[in-house]
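Asker: Can you read through this structure? Questions will come right after.
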Amino acid sequence: MKKVVFILLVLSVSLVAMSLDYVFLSSDLTGKLSGRISFPFIYGSKDEPNPMCFNALILNDIQEFLEENYSLVQGPDTSWPEVIITPFVGYFSDNFISLYMDYFNFSFGQAHPLTIRKTYNFDLSTNRKVSISKFLGENSQSTIDYIISTINEEIQKDEKNIYFKEATVEMIDDYYISNDELVVVFQLYEIAPYVSGIREFKFSLAELGIE
């Protein structure tokens, strides 16, 4: 698995551009661990913010995910896992990128496939992750309270048994930006059963007072 990621990295660093941009790099996996991985790779000139820390973060998460699943085929009870990594970039600028990566895996013996939607919000000018409270700014607590209240109002209106619990402050962590909206993400089983899927709640940035 390390070899796959390393080859992709070596191939991608040869890209040269006058300003920051990104490409999607992909690779098929064959053998005992099968599937496909795809991820965004940022490149640009030396005059722009350095994207290497972001690229390293993504590659490290991919490697850990692949190694965790590859370890399942090393024991006597071979599970023949399949993995798929799918990215979605919601927002990109010279200084900030917001996206999610769906990490899917399914092994023989599992009741059903599992997907983790991991969100990445990264300040390219400081090489730091951006928490939701930092993104929301100085009024973050009141804004988070508003987000929770709005989400729970929708949950309380549930007539189709989509949800089994309400949201709390501790749950407001995973988010991404797309189409001038802040999208709050809840993982499988976090507030709803598996059949309800990954739940998302969208808030316009204007509604939250963010320009």
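Going by the structure tokens order, chains are called A, B, ..., each with residues numbered from 1, while ligands are numbered from 1 in the order shown.
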Per DSSP on the backbone, what are the strand (DSSP E or B) residues of segment 99-153 of chain A, as a list of chain:residue names?
Answerer: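 Here is the list: A:Leu99, A:Tyr100, A:Met101, A:Asp102, A:Tyr103, A:Phe104, A:Asn105, A:Phe106, A:Leu114, A:Thr115, A:Ile116, A:Arg117, A:Lys118, A:Thr119, A:Tyr120, A:Asn121, A:Phe122, A:Asp123, A:Arg128, A:Lys129.
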Asker: Skipping near chain neighbours, those fewer than 4 positions away, what residues fall within 10 Å of Ile177 of chain A using only C-alpha atoms, listed as a list of chain:residue names?
Answerer: A:Val89, A:Gly90, A:Tyr91, A:Phe92, A:Ile97, A:Ser98, A:Leu99, A:Tyr100, A:Thr119, A:Tyr120, A:Asn121, A:Glu181, A:Leu182, A:Val183, A:Val184, A:Lys202, A:Phe203, A:Ser204, A:Leu205
Asker: So which one's closest to Pro81 of chain A, A:Lys32, A:Asp102, A:Tyr43, A:Ile144? Using only C-alpha atoms, please.
Answerer: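 Smallest distance to Pro81 of chain A is found for A:Lys32.
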Asker: Could you give me, as a count of residues only, each residue of segment 109-176 of chain A that DSSP assigns to alpha helix (DSSP H) when run on this structure's backbone?
Answerer: 22
Asker: Would you list the contacts of Ser107 of chain A as a ChimeraX atom specification, taking every protein, DNA or RNA residue within 10 Å and counting only C-alpha atoms, but skipping same-chain residues closer than 2 positions in sequence?
Answerer: /A:33,69,72-73,78-83,105,109-114
Asker: Filtering to N, CA and C atoms, could you give me those residues as a CSV table (one decimal), in the first residue's frame?
Answerer:
chain,number,residue,atom,x,y,z
A,33,LEU,N,-6.5,-6.9,-1.6
A,33,LEU,CA,-7.2,-5.7,-1.3
A,33,LEU,C,-7.5,-5.0,-2.6
A,69,ASN,N,-7.0,-1.7,6.4
A,69,ASN,CA,-7.8,-2.7,5.7
A,69,ASN,C,-6.9,-3.8,5.2
A,72,LEU,N,-6.3,-6.8,7.4
A,72,LEU,CA,-7.4,-7.8,7.5
A,72,LEU,C,-7.1,-9.1,6.6
A,73,VAL,N,-6.2,-8.9,5.6
A,73,VAL,CA,-6.0,-10.1,4.7
A,73,VAL,C,-4.7,-10.8,5.1
A,78,THR,N,-9.1,-14.8,6.2
A,78,THR,CA,-9.1,-13.8,5.1
A,78,THR,C,-10.4,-13.2,4.9
A,79,SER,N,-10.5,-11.9,4.8
A,79,SER,CA,-11.9,-11.3,4.7
A,79,SER,C,-12.0,-10.6,3.3
A,80,TRP,N,-10.9,-10.6,2.5
A,80,TRP,CA,-11.0,-10.0,1.2
A,80,TRP,C,-11.7,-8.7,1.1
A,81,PRO,N,-11.2,-7.7,1.8
A,81,PRO,CA,-11.9,-6.4,1.8
A,81,PRO,C,-11.8,-5.6,0.5
A,82,GLU,N,-12.8,-4.8,0.3
A,82,GLU,CA,-12.8,-3.9,-0.9
A,82,GLU,C,-12.9,-2.5,-0.3
A,83,VAL,N,-12.1,-1.6,-0.8
A,83,VAL,CA,-12.0,-0.2,-0.4
A,83,VAL,C,-12.2,0.8,-1.5
A,105,ASN,N,-15.4,0.9,3.0
A,105,ASN,CA,-14.9,-0.4,3.0
A,105,ASN,C,-15.9,-1.5,3.3
A,109,GLY,N,-18.2,-11.0,5.7
A,109,GLY,CA,-18.6,-11.2,7.1
A,109,GLY,C,-19.2,-9.9,7.7
A,110,GLN,N,-19.0,-8.7,7.1
A,110,GLN,CA,-19.6,-7.5,7.6
A,110,GLN,C,-21.1,-7.6,7.2
A,111,ALA,N,-21.9,-7.0,8.1
A,111,ALA,CA,-23.4,-7.0,7.9
A,111,ALA,C,-23.7,-6.1,6.7
A,112,HIS,N,-22.9,-5.0,6.5
A,112,HIS,CA,-23.1,-4.1,5.4
A,112,HIS,C,-21.9,-3.2,5.2
A,113,PRO,N,-21.7,-2.6,4.1
A,113,PRO,CA,-20.6,-1.7,3.9
A,113,PRO,C,-20.6,-0.5,4.9
A,114,LEU,N,-19.4,0.0,5.1
A,114,LEU,CA,-19.3,1.2,6.0
A,114,LEU,C,-18.6,2.3,5.2
Asker: Excluding Ser93 of chain A and any residue of its chain fewer than 2 positions from it, enumerate the residues within 9 Å of it, using only C-alpha atoms, and give them as number ranges by chain.
Answerer: A: 20-21, 91, 95-97, 124
Asker: Suppose we keep C-alpha atoms; can you now write the selection as a compact mmCIF listing (two decimals), in the first residue's frame?
Answerer:
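Produced file again-v2.txt, reproduced below:
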# COMPACT_ATOMS: atom_id res chain seq x y z
CA LEU A 20 -2.41 27.19 -7.01
CA ASP A 21 -4.69 24.59 -8.53
CA TYR A 91 -14.45 25.16 -2.14
CA ASN A 95 -5.64 30.31 0.78
CA PHE A 96 -8.37 27.85 1.72
CA ILE A 97 -9.68 24.46 0.64
CA LEU A 124 -3.14 26.95 3.01
